[in-house]
>>> print(open('structure10.cif').read())   # mmCIF, C-alpha atoms and all ligand atoms
data_input
loop_
_atom_site.label_atom_id
_atom_site.label_comp_id
_atom_site.auth_asym_id
_atom_site.auth_seq_id
_atom_site.Cartn_x
_atom_site.Cartn_y
_atom_site.Cartn_z
CA MET A 1 0.00 0.00 0.00
CA GLN A 2 1.24 3.46 -0.88
CA ILE A 3 1.09 5.81 2.13
CA THR A 4 1.72 9.48 1.44
CA LYS A 5 3.36 11.43 4.26
CA THR A 6 2.96 15.08 5.20
CA LEU A 7 5.09 15.86 8.22
CA THR A 8 4.28 18.52 10.78
CA THR A 9 6.16 21.81 10.68
CA ALA A 10 5.25 22.49 14.32
CA PRO A 11 6.24 19.48 16.47
CA LYS A 12 4.80 19.60 19.98
CA ALA A 13 6.86 19.47 23.16
CA LYS A 14 7.14 15.94 24.57
CA PRO A 15 5.39 15.37 27.89
CA GLU A 16 7.30 15.42 31.17
CA GLY A 17 6.31 13.64 34.37
CA ALA A 18 3.53 11.10 34.85
CA LEU A 19 1.73 10.29 31.59
CA GLY A 20 -1.54 8.87 32.85
CA PHE A 21 -3.64 7.25 30.15
CA GLY A 22 -4.87 8.64 26.83
CA LYS A 23 -4.50 12.35 27.46
CA ILE A 24 -1.56 13.23 25.22
CA PHE A 25 -1.36 12.68 21.46
CA THR A 26 1.64 12.57 19.17
CA ASP A 27 2.46 14.77 16.16
CA HIS A 28 0.95 12.62 13.40
CA MET A 29 -2.00 10.42 12.56
CA PHE A 30 -2.97 7.98 9.83
CA ILE A 31 -6.11 8.35 7.70
CA MET A 32 -7.56 6.25 4.90
CA ASP A 33 -10.98 6.61 3.26
CA TYR A 34 -13.49 4.07 2.01
CA SER A 35 -16.12 4.36 -0.67
CA THR A 36 -18.10 1.61 -2.35
CA GLU A 37 -16.56 2.54 -5.72
CA LYS A 38 -12.93 2.80 -4.64
CA GLY A 39 -12.72 0.52 -1.60
CA TRP A 40 -10.10 1.62 0.97
CA HIS A 41 -8.00 4.36 -0.63
CA ASP A 42 -5.92 7.48 -0.12
CA ALA A 43 -3.79 6.18 2.75
CA ARG A 44 -1.91 9.07 4.33
CA ILE A 45 0.04 10.14 7.38
CA VAL A 46 -0.65 13.77 8.23
CA PRO A 47 -0.05 16.12 11.17
CA TYR A 48 -2.29 15.25 14.15
CA GLY A 49 -5.29 17.56 14.21
CA ASP A 50 -9.04 18.05 14.06
CA ILE A 51 -10.99 16.58 11.16
CA SER A 52 -14.03 18.02 9.47
CA LEU A 53 -17.21 15.92 9.13
CA SER A 54 -20.81 16.60 8.16
CA PRO A 55 -23.00 16.87 11.27
CA ALA A 56 -25.19 14.30 9.52
CA SER A 57 -22.35 11.71 9.49
CA MET A 58 -23.88 8.40 10.46
CA VAL A 59 -21.38 7.72 13.23
CA PHE A 60 -22.83 10.62 15.25
CA HIS A 61 -26.37 9.29 15.09
CA TYR A 62 -26.30 5.52 15.06
CA GLY A 63 -22.84 4.76 16.37
CA GLN A 64 -21.61 2.72 13.42
CA GLU A 65 -17.94 2.60 14.37
CA MET A 66 -15.27 0.34 15.82
CA PHE A 67 -11.91 0.69 17.55
CA GLU A 68 -8.87 -1.30 18.61
CA GLY A 69 -6.20 -0.86 21.26
CA MET A 70 -2.61 -1.99 21.13
CA LYS A 71 0.80 -0.73 22.24
CA ALA A 72 4.33 -0.14 20.94
CA TYR A 73 7.09 -0.81 23.47
CA ARG A 74 10.65 0.53 23.50
CA ALA A 75 13.07 -2.25 24.42
CA LYS A 76 16.21 -1.43 26.45
CA ASP A 77 18.33 -2.03 23.34
CA GLY A 78 16.27 0.53 21.38
CA ARG A 79 14.11 -1.91 19.37
CA ILE A 80 10.45 -0.99 18.87
CA LEU A 81 8.16 -3.92 19.63
CA LEU A 82 4.48 -4.67 19.10
CA PHE A 83 2.69 -7.50 20.88
CA ARG A 84 0.70 -9.96 18.74
CA PRO A 85 -0.54 -7.24 16.35
CA GLU A 86 -2.14 -9.82 14.04
CA LYS A 87 -4.54 -10.76 16.87
CA ASN A 88 -5.81 -7.19 17.09
CA ILE A 89 -6.23 -6.95 13.33
CA GLU A 90 -8.08 -10.28 13.27
CA ARG A 91 -10.40 -8.97 16.00
CA MET A 92 -10.78 -5.74 14.06
CA ASN A 93 -12.28 -7.63 11.14
CA ASN A 94 -14.50 -9.69 13.47
CA THR A 95 -15.84 -6.39 14.79
CA ASN A 96 -16.18 -4.98 11.27
CA ARG A 97 -18.27 -7.94 10.16
CA ARG A 98 -20.62 -7.53 13.13
CA MET A 99 -20.93 -3.79 12.50
CA CYS A 100 -21.40 -4.00 8.68
CA ILE A 101 -18.14 -2.06 8.26
CA PRO A 102 -15.96 -3.09 5.30
CA GLU A 103 -13.06 -5.33 6.26
CA VAL A 104 -9.49 -4.09 6.20
CA ASN A 105 -6.44 -5.82 4.78
CA THR A 106 -4.22 -7.22 7.55
CA GLU A 107 -0.91 -6.34 5.86
CA ASP A 108 -2.12 -2.81 5.08
CA VAL A 109 -3.17 -2.14 8.66
CA LEU A 110 0.12 -3.50 9.99
CA GLN A 111 2.03 -1.34 7.49
CA ALA A 112 0.02 1.75 8.51
CA ILE A 113 0.75 1.08 12.21
CA GLU A 114 4.45 0.49 11.54
CA GLU A 115 4.91 3.59 9.39
CA LEU A 116 3.00 5.84 11.81
CA VAL A 117 4.89 4.53 14.85
CA LEU A 118 8.19 5.07 13.02
CA VAL A 119 7.25 8.66 12.10
CA ASP A 120 6.46 9.36 15.78
CA SER A 121 9.03 6.98 17.28
CA ASP A 122 10.49 9.78 19.42
CA TRP A 123 7.18 9.75 21.28
CA ILE A 124 7.60 6.18 22.58
CA PRO A 125 8.21 6.80 26.27
CA THR A 126 11.07 4.99 27.96
CA GLN A 127 10.25 5.20 31.68
CA GLU A 128 9.45 1.89 33.38
CA GLY A 129 5.92 0.69 32.64
CA THR A 130 5.21 3.21 29.88
CA SER A 131 4.45 2.61 26.20
CA LEU A 132 2.90 4.17 23.13
CA TYR A 133 -0.79 3.31 22.97
CA ILE A 134 -2.06 2.76 19.42
CA ARG A 135 -5.72 3.48 18.76
CA PRO A 136 -6.98 2.43 15.30
CA PHE A 137 -10.65 3.20 14.66
CA ILE A 138 -13.20 3.36 11.84
CA ILE A 139 -16.19 5.69 11.62
CA ALA A 140 -19.21 5.76 9.25
CA THR A 141 -19.29 9.04 7.35
CA ASP A 142 -22.31 9.02 5.01
CA PRO A 143 -24.34 12.21 5.65
CA PHE A 144 -27.63 10.30 6.00
CA LEU A 145 -30.21 9.93 8.74
CA GLY A 146 -31.72 6.64 7.58
CA VAL A 147 -30.75 3.61 9.69
CA HIS A 148 -28.63 1.66 7.23
CA PRO A 149 -24.94 0.74 6.89
CA SER A 150 -22.91 3.66 5.57
CA HIS A 151 -21.26 3.57 2.12
CA THR A 152 -18.30 5.70 3.18
CA TYR A 153 -15.91 5.38 6.13
CA LYS A 154 -12.74 6.82 7.58
CA PHE A 155 -10.09 4.57 9.11
CA MET A 156 -7.74 6.46 11.41
CA ILE A 157 -4.91 5.66 13.80
CA ILE A 158 -3.85 7.97 16.60
CA LEU A 159 -1.03 7.44 19.11
CA SER A 160 -0.78 8.34 22.78
CA PRO A 161 2.20 7.92 25.14
CA VAL A 162 0.77 6.24 28.25
CA GLY A 163 1.61 5.09 31.74
CA ALA A 164 -0.61 2.94 33.96
CA TYR A 165 -4.33 2.82 33.08
CA TYR A 166 -5.36 3.08 36.72
CA ALA A 167 -4.19 6.04 38.77
CA SER A 168 -3.12 3.50 41.42
CA GLY A 169 -0.59 1.83 39.06
CA LEU A 170 -0.04 -1.90 39.76
CA ALA A 171 -1.66 -1.58 43.21
CA PRO A 172 -4.87 -3.66 43.64
CA VAL A 173 -8.04 -1.95 42.43
CA LYS A 174 -11.44 -1.90 44.13
CA ILE A 175 -14.33 -3.03 41.99
CA CYS A 176 -18.09 -2.73 42.32
CA VAL A 177 -20.30 -5.59 41.10
CA GLU A 178 -23.13 -4.19 38.98
CA ASP A 179 -26.38 -6.09 38.95
CA GLU A 180 -28.83 -3.44 37.77
CA TYR A 181 -27.37 -2.16 34.51
CA VAL A 182 -25.91 -4.51 31.90
CA ARG A 183 -23.12 -3.97 29.39
CA ALA A 184 -23.96 -6.49 26.68
CA VAL A 185 -25.94 -9.64 25.94
CA LYS A 186 -25.23 -12.66 23.80
CA GLY A 187 -26.27 -11.91 20.22
CA GLY A 188 -25.46 -8.23 20.72
CA THR A 189 -22.08 -6.57 20.26
CA GLY A 190 -20.33 -7.57 23.51
CA PHE A 191 -17.59 -9.51 21.70
CA ALA A 192 -16.90 -6.63 19.32
CA LYS A 193 -14.78 -3.60 20.10
CA VAL A 194 -17.34 -0.86 19.54
CA GLY A 195 -17.97 2.44 21.28
CA GLY A 196 -21.58 1.46 22.02
CA ASN A 197 -20.48 -1.17 24.55
CA TYR A 198 -18.51 1.45 26.42
CA ALA A 199 -21.32 4.04 26.16
CA ALA A 200 -23.66 1.46 27.72
CA SER A 201 -21.18 1.00 30.56
CA LEU A 202 -20.90 4.66 31.55
CA LYS A 203 -23.91 4.77 33.87
CA GLY A 204 -22.67 1.85 35.97
CA GLN A 205 -19.14 3.22 35.86
CA GLU A 206 -20.33 6.63 37.08
CA LYS A 207 -22.27 5.01 39.91
CA ALA A 208 -19.21 2.94 40.89
CA GLU A 209 -16.87 5.94 40.79
CA LYS A 210 -19.19 7.96 43.04
CA MET A 211 -18.90 5.13 45.56
CA GLY A 212 -15.10 5.22 45.33
CA TYR A 213 -14.55 2.22 43.01
CA ALA A 214 -12.19 2.09 40.04
CA GLN A 215 -14.39 -0.07 37.79
CA VAL A 216 -17.53 -2.14 37.47
CA LEU A 217 -17.69 -5.92 37.30
CA TRP A 218 -20.44 -6.71 34.79
CA LEU A 219 -22.72 -9.68 35.23
CA ASP A 220 -24.51 -11.44 32.37
CA GLY A 221 -27.45 -9.55 30.92
CA ILE A 222 -30.05 -12.30 31.40
CA GLU A 223 -29.68 -13.82 34.85
CA HIS A 224 -27.44 -11.11 36.33
CA ARG A 225 -25.52 -13.94 37.89
CA TYR A 226 -22.56 -14.99 35.76
CA ILE A 227 -19.47 -12.84 35.54
CA ASP A 228 -18.77 -11.16 32.21
CA GLU A 229 -15.88 -8.70 32.37
CA VAL A 230 -14.80 -5.33 33.72
CA GLY A 231 -15.25 -3.23 30.57
CA ALA A 232 -11.60 -2.20 30.33
CA MET A 233 -10.40 -5.73 31.16
CA ASN A 234 -11.21 -9.44 31.23
CA VAL A 235 -11.11 -11.11 34.64
CA PHE A 236 -9.48 -14.18 36.21
CA PHE A 237 -10.00 -15.83 39.61
CA VAL A 238 -7.49 -18.05 41.38
CA ILE A 239 -9.66 -20.53 43.28
CA GLY A 240 -7.80 -23.30 45.09
CA ASP A 241 -5.39 -24.72 42.51
CA LYS A 242 -7.46 -23.57 39.52
CA ILE A 243 -7.43 -20.36 37.53
CA VAL A 244 -10.93 -19.64 36.27
CA THR A 245 -11.98 -17.11 33.64
CA PRO A 246 -15.37 -16.55 31.96
CA LYS A 247 -15.56 -18.37 28.66
CA LEU A 248 -16.15 -16.55 25.39
CA GLU A 249 -19.84 -16.87 24.63
CA GLY A 250 -20.37 -13.76 22.53
CA ASN A 251 -20.93 -11.23 25.27
CA ILE A 252 -17.38 -10.50 26.41
CA LEU A 253 -14.39 -9.13 24.58
CA PRO A 254 -11.86 -11.76 23.41
CA GLY A 255 -8.90 -9.89 24.88
CA VAL A 256 -5.42 -10.38 23.43
CA THR A 257 -3.91 -10.20 26.93
CA ARG A 258 -6.59 -12.68 28.12
CA ASP A 259 -5.60 -15.12 25.39
CA SER A 260 -1.89 -14.64 26.14
CA VAL A 261 -2.39 -15.23 29.87
CA ILE A 262 -4.39 -18.42 29.22
CA ASN A 263 -1.75 -19.74 26.83
CA TYR A 264 1.10 -18.80 29.11
CA LEU A 265 -0.49 -20.41 32.17
CA LYS A 266 -1.39 -23.60 30.31
CA ALA A 267 2.13 -23.88 28.89
CA LYS A 268 3.53 -23.59 32.43
CA GLY A 269 1.26 -26.38 33.67
CA TYR A 270 -1.38 -24.35 35.51
CA ASN A 271 -4.90 -25.65 35.64
CA VAL A 272 -6.92 -23.06 33.65
CA GLU A 273 -10.68 -23.31 33.28
CA GLU A 274 -12.64 -21.22 30.78
CA ARG A 275 -16.21 -21.57 31.94
CA ARG A 276 -19.17 -19.76 33.39
CA ILE A 277 -18.49 -18.51 36.87
CA SER A 278 -21.20 -16.99 39.02
CA ILE A 279 -20.77 -14.16 41.47
CA ASP A 280 -22.13 -16.50 44.19
CA GLU A 281 -19.32 -18.96 43.46
CA VAL A 282 -16.73 -16.21 43.84
CA TYR A 283 -18.19 -15.03 47.16
CA GLU A 284 -18.50 -18.60 48.45
CA ALA A 285 -14.89 -19.30 47.52
CA GLY A 286 -13.95 -16.05 49.27
CA GLN A 287 -15.81 -17.04 52.43
CA LYS A 288 -14.20 -20.49 52.45
CA GLY A 289 -10.76 -18.96 52.03
CA GLU A 290 -10.31 -20.60 48.60
CA LEU A 291 -10.29 -17.40 46.55
CA LYS A 292 -6.59 -16.66 46.47
CA GLU A 293 -6.44 -13.91 43.83
CA MET A 294 -8.46 -12.00 41.30
CA PHE A 295 -6.93 -9.99 38.48
CA GLY A 296 -7.92 -8.25 35.28
CA THR A 297 -6.14 -8.37 31.94
CA GLY A 298 -6.17 -5.85 29.10
CA THR A 299 -3.93 -3.98 26.71
CA ALA A 300 -4.40 -0.76 28.64
CA ALA A 301 -4.71 -2.38 32.08
CA VAL A 302 -1.97 -5.05 31.46
CA ILE A 303 -2.42 -7.25 34.60
CA SER A 304 -4.36 -5.46 37.31
CA PRO A 305 -4.87 -7.19 40.66
CA VAL A 306 -8.27 -6.71 42.28
CA GLY A 307 -8.16 -6.21 46.05
CA LEU A 308 -11.82 -5.75 46.89
CA LEU A 309 -15.25 -6.54 45.46
CA ASP A 310 -18.45 -4.86 46.58
CA TRP A 311 -21.67 -6.62 45.64
CA ASN A 312 -24.64 -4.65 46.95
CA GLY A 313 -22.69 -3.63 50.03
CA LYS A 314 -21.25 -7.13 50.63
CA LYS A 315 -17.54 -6.54 50.64
CA LEU A 316 -15.04 -9.23 49.78
CA ILE A 317 -11.39 -8.50 50.46
CA ILE A 318 -9.12 -10.56 48.22
CA ASN A 319 -5.59 -11.60 49.19
CA ASN A 320 -5.54 -9.03 51.94
CA ASN A 321 -5.82 -6.30 49.27
CA GLU A 322 -2.26 -7.12 48.19
CA ILE A 323 -0.76 -8.06 44.83
CA GLY A 324 -0.96 -11.84 44.53
CA GLU A 325 1.88 -14.14 43.51
CA ILE A 326 0.27 -15.19 40.21
CA SER A 327 -0.76 -11.62 39.31
CA GLN A 328 2.78 -10.39 39.93
CA MET A 329 4.34 -13.31 38.02
CA LEU A 330 2.03 -12.71 35.03
CA TYR A 331 2.71 -8.98 35.07
CA ASP A 332 6.47 -9.65 35.06
CA GLU A 333 6.29 -12.34 32.38
CA ILE A 334 3.87 -10.61 30.00
CA THR A 335 5.52 -7.18 30.26
CA GLY A 336 8.90 -8.96 30.06
CA ILE A 337 7.94 -10.34 26.65
CA GLN A 338 6.30 -7.06 25.56
CA PHE A 339 9.40 -5.01 26.41
CA GLY A 340 11.79 -7.61 25.01
CA ASN A 341 13.39 -8.39 28.40
CA LYS A 342 12.31 -12.04 28.50
CA LYS A 343 12.63 -14.85 26.05
CA ASP A 344 9.78 -14.70 23.54
CA GLU A 345 9.07 -18.43 23.63
CA PHE A 346 5.59 -18.02 22.11
CA GLY A 347 6.62 -15.83 19.16
CA TRP A 348 4.39 -12.97 20.36
CA SER A 349 6.82 -10.11 19.94
CA TYR A 350 6.87 -8.26 16.60
CA GLU A 351 9.71 -5.88 15.88
CA ILE A 352 9.11 -2.74 13.81
CA LYS A 353 12.17 -2.33 11.65
CA ARG A 354 13.16 0.84 9.85
C1 LIG B 1 -7.56 -1.53 25.75
O1 LIG B 1 -7.19 -2.17 26.72
O2 LIG B 1 -6.82 -1.30 24.79
C2 LIG B 1 -8.88 -0.97 25.65
O3 LIG B 1 -9.30 -0.68 24.58
C3 LIG B 1 -9.66 -0.70 26.86
C4 LIG B 1 -10.03 0.73 26.83
C5 LIG B 1 -11.41 0.90 27.27
C6 LIG B 1 -9.06 1.58 27.54
#
>>> encode(input="structure10.cif", output="structure tokens")
Amino acid sequence: MQITKTLTTAPKAKPEGALGFGKIFTDHMFIMDYSTEKGWHDARIVPYGDISLSPASMVFHYGQEMFEGMKAYRAKDGRILLFRPEKNIERMNNTNRRMCIPEVNTEDVLQAIEELVLVDSDWIPTQEGTSLYIRPFIIATDPFLGVHPSHTYKFMIILSPVGAYYASGLAPVKICVEDEYVRAVKGGTGFAKVGGNYAASLKGQEKAEKMGYAQVLWLDGIEHRYIDEVGAMNVFFVIGDKIVTPKLEGNILPGVTRDSVINYLKAKGYNVEERRISIDEVYEAGQKGELKEMFGTGTAAVISPVGLLDWNGKKLIINNNEIGEISQMLYDEITGIQFGNKKDEFGWSYEIKR
């Protein structure tokens, strides 16, 4: 794919101090357009900035859009690494199919990511635990108020130097179990990476934050009993000698970190179960002293230990609100591979070469 490049004449100052998550954007962005006649075309890297759209653009009215999240890591020896990028691009097309958005070519998307990251490679932060977050997304742009798939789209990629997703860093987070609102149901878009899932989660999230919690633990949309996910991460429970995680049944996001953790644990001989797990089972295990750890996994959240659950006022403290052994080991191993400090025995690391 031919990508034209227009470089900025006014580079911004690089951030100093704590980065937080998703607040700072680099100097350039990638854009490519779609029309029924031309397919995906006009791939370009341009200075980061506002874009102009018709107020009638379909994305504003019916939410036909999708996004992805991945990261570029700066290894100690200077290499720039991605982590399993083909998994994100595969998921991107799964989302596109569900959302009636035209599919993208895997090699083209990878090329766009590589070229954009190289243009802004000075923005990849180097402090411990930081990386360059990559946010590809597609929006429907037909100026039309009928409810119908759009005929035109914009595919864009923006980059953001980031630190820890949670203000608390790797410290255990407190999570509120939501059993009034639901995030997604089977047959809906829960498995797809679309803004609508996150919009649906805001009310519960707002409620949780007012009560002092970092996130919401979503239960299934039918029985309000089985654990789904935490919106920004998938979840795992260490119960006795088993590590249990909700199985993919169409309502939760098939996380790349989730998949990596499952594969890593299985390869190391841990007993991993992908199955339905109810909130009652978690509380019972907690009361019996069998719930050793709970943690979340996500590109943004990496491995985030959970120290406390609150289910309608019933509080469950997990592992004394401390980082558990398995959570810490997984954080070290997964980030070790991502940053190129550990042997990449699974072939997950992808180097961007100039
Ligand atoms: C990610 O982990 O990349 C995500 O997209 C989660 C997001 C809501 C921050």
>>> residues_around(input="structure10.cif", residues="Val177 in chain A", least_positions_apart="2", cutoff="7 Å", atoms="all atoms listed in the file", output="PyMOL selection string")
chain A and resi 175+179+216-218+309-311
>>> closest_atom_pairs(input="structure10.cif", of="chain A", to="ligand LIG 1 (chain B)", cutoff="8 Å", atoms="all atoms listed in the file", output="JSON lines")
{"residue": "A:Phe67", "atom": "CA", "partner": "B:LIG1", "partner_atom": "O3", "distance": 7.6}
{"residue": "A:Glu68", "atom": "CA", "partner": "B:LIG1", "partner_atom": "O3", "distance": 6.0}
{"residue": "A:Gly69", "atom": "CA", "partner": "B:LIG1", "partner_atom": "O2", "distance": 3.6}
{"residue": "A:Met70", "atom": "CA", "partner": "B:LIG1", "partner_atom": "O2", "distance": 5.6}
{"residue": "A:Tyr133", "atom": "CA", "partner": "B:LIG1", "partner_atom": "O2", "distance": 7.8}
{"residue": "A:Arg135", "atom": "CA", "partner": "B:LIG1", "partner_atom": "O2", "distance": 7.8}
{"residue": "A:Tyr165", "atom": "CA", "partner": "B:LIG1", "partner_atom": "C6", "distance": 7.4}
{"residue": "A:Lys193", "atom": "CA", "partner": "B:LIG1", "partner_atom": "O3", "distance": 7.7}
{"residue": "A:Tyr198", "atom": "CA", "partner": "B:LIG1", "partner_atom": "C5", "distance": 7.2}
{"residue": "A:Gly231", "atom": "CA", "partner": "B:LIG1", "partner_atom": "C5", "distance": 6.5}
{"residue": "A:Ala232", "atom": "CA", "partner": "B:LIG1", "partner_atom": "C3", "distance": 4.2}
{"residue": "A:Met233", "atom": "CA", "partner": "B:LIG1", "partner_atom": "O1", "distance": 6.5}
{"residue": "A:Gly298", "atom": "CA", "partner": "B:LIG1", "partner_atom": "O1", "distance": 4.5}
{"residue": "A:Thr299", "atom": "CA", "partner": "B:LIG1", "partner_atom": "O1", "distance": 3.7}
{"residue": "A:Ala300", "atom": "CA", "partner": "B:LIG1", "partner_atom": "O1", "distance": 3.7}
{"residue": "A:Ala301", "atom": "CA", "partner": "B:LIG1", "partner_atom": "O1", "distance": 5.9}
{"residue": "A:Val302", "atom": "CA", "partner": "B:LIG1", "partner_atom": "O1", "distance": 7.6}
>>> residues_around(input="structure10.cif", residues="Glu103 in chain A", least_positions_apart="6", cutoff="8 Å", atoms="only C-alpha atoms", output="NGL selection string")
:A and (93 or 96-97)
>>> residues_around(input="structure10.cif", residues="range 77-89 of chain A", least_positions_apart="2", cutoff="8 Å", atoms="all atoms listed in the file", output="ChimeraX atom specification")
/A:68-75,91-93,106,109-110,256,338-340,348-353
>>> residues_near_point(input="structure10.cif", point="(-23.1, 10.6, 12.1)", cutoff="10 Å", atoms="only C-alpha atoms", output="PyMOL selection string")
chain A and resi 53-65+139-145+150
>>> closest_residue(input="structure10.cif", among="A:Ala167, A:Ala200, A:Met99, A:Ile3", to="Ala112 in chain A", atoms="only C-alpha atoms")
A:Ile3
>>> closest_residue(input="structure10.cif", among="A:Pro102, A:Thr4, A:Asn341, A:Val119", to="Asp27 in chain A", atoms="only C-alpha atoms")
A:Val119
>>> closest_residue(input="structure10.cif", among="A:Ala267, A:Ile51, A:Leu253, A:Met32", to="Gly188 in chain A", atoms="only C-alpha atoms")
A:Leu253
>>> closest_residue(input="structure10.cif", among="A:Ile243, A:Val306, A:Ile138, A:Leu170", to="Ile31 in chain A", atoms="all atoms listed in the file")
A:Ile138
>>> closest_residue(input="structure10.cif", among="A:Pro172, A:Asn105, A:Val46, A:Ala192", to="Gly255 in chain A", atoms="all atoms listed in the file")
A:Ala192
>>> atom_distance(input="structure10.cif", atom1="CA of Leu202 in chain A", atom2="CA of Val282 in chain A")
24.6 Å
>>> decode(input="structure10.cif", residues="range 261-273 of chain A", atoms="N, CA and C atoms", output="mmCIF file, in the first residue's frame")
data_model
loop_
_atom_site.group_PDB
_atom_site.id
_atom_site.type_symbol
_atom_site.label_atom_id
_atom_site.label_comp_id
_atom_site.auth_asym_id
_atom_site.auth_seq_id
_atom_site.Cartn_x
_atom_site.Cartn_y
_atom_site.Cartn_z
ATOM 1 N N VAL A 261 -2.482 -14.731 28.497
ATOM 2 C CA VAL A 261 -2.388 -15.232 29.871
ATOM 3 C C VAL A 261 -2.820 -16.704 29.920
ATOM 4 N N ILE A 262 -3.913 -17.028 29.233
ATOM 5 C CA ILE A 262 -4.394 -18.423 29.224
ATOM 6 C C ILE A 262 -3.315 -19.332 28.616
ATOM 7 N N ASN A 263 -2.771 -18.916 27.484
ATOM 8 C CA ASN A 263 -1.750 -19.743 26.825
ATOM 9 C C ASN A 263 -0.487 -19.877 27.672
ATOM 10 N N TYR A 264 -0.093 -18.774 28.284
ATOM 11 C CA TYR A 264 1.104 -18.800 29.114
ATOM 12 C C TYR A 264 0.904 -19.760 30.299
ATOM 13 N N LEU A 265 -0.234 -19.580 30.981
ATOM 14 C CA LEU A 265 -0.490 -20.407 32.173
ATOM 15 C C LEU A 265 -0.575 -21.884 31.816
ATOM 16 N N LYS A 266 -1.262 -22.187 30.709
ATOM 17 C CA LYS A 266 -1.390 -23.598 30.307
ATOM 18 C C LYS A 266 -0.020 -24.175 29.974
ATOM 19 N N ALA A 267 0.796 -23.393 29.273
ATOM 20 C CA ALA A 267 2.132 -23.881 28.890
ATOM 21 C C ALA A 267 2.995 -24.150 30.116
ATOM 22 N N LYS A 268 2.730 -23.406 31.205
ATOM 23 C CA LYS A 268 3.525 -23.595 32.432
ATOM 24 C C LYS A 268 2.888 -24.622 33.370
ATOM 25 N N GLY A 269 1.835 -25.277 32.891
ATOM 26 C CA GLY A 269 1.262 -26.379 33.669
ATOM 27 C C GLY A 269 0.185 -25.976 34.654
ATOM 28 N N TYR A 270 -0.281 -24.738 34.612
ATOM 29 C CA TYR A 270 -1.378 -24.345 35.515
ATOM 30 C C TYR A 270 -2.687 -24.935 35.008
ATOM 31 N N ASN A 271 -3.600 -25.085 35.939
ATOM 32 C CA ASN A 271 -4.904 -25.648 35.644
ATOM 33 C C ASN A 271 -5.868 -24.488 35.333
ATOM 34 N N VAL A 272 -6.087 -24.211 34.041
ATOM 35 C CA VAL A 272 -6.918 -23.064 33.648
ATOM 36 C C VAL A 272 -8.283 -23.558 33.194
ATOM 37 N N GLU A 273 -9.322 -22.932 33.711
ATOM 38 C CA GLU A 273 -10.679 -23.306 33.281
ATOM 39 C C GLU A 273 -11.362 -22.100 32.665
#
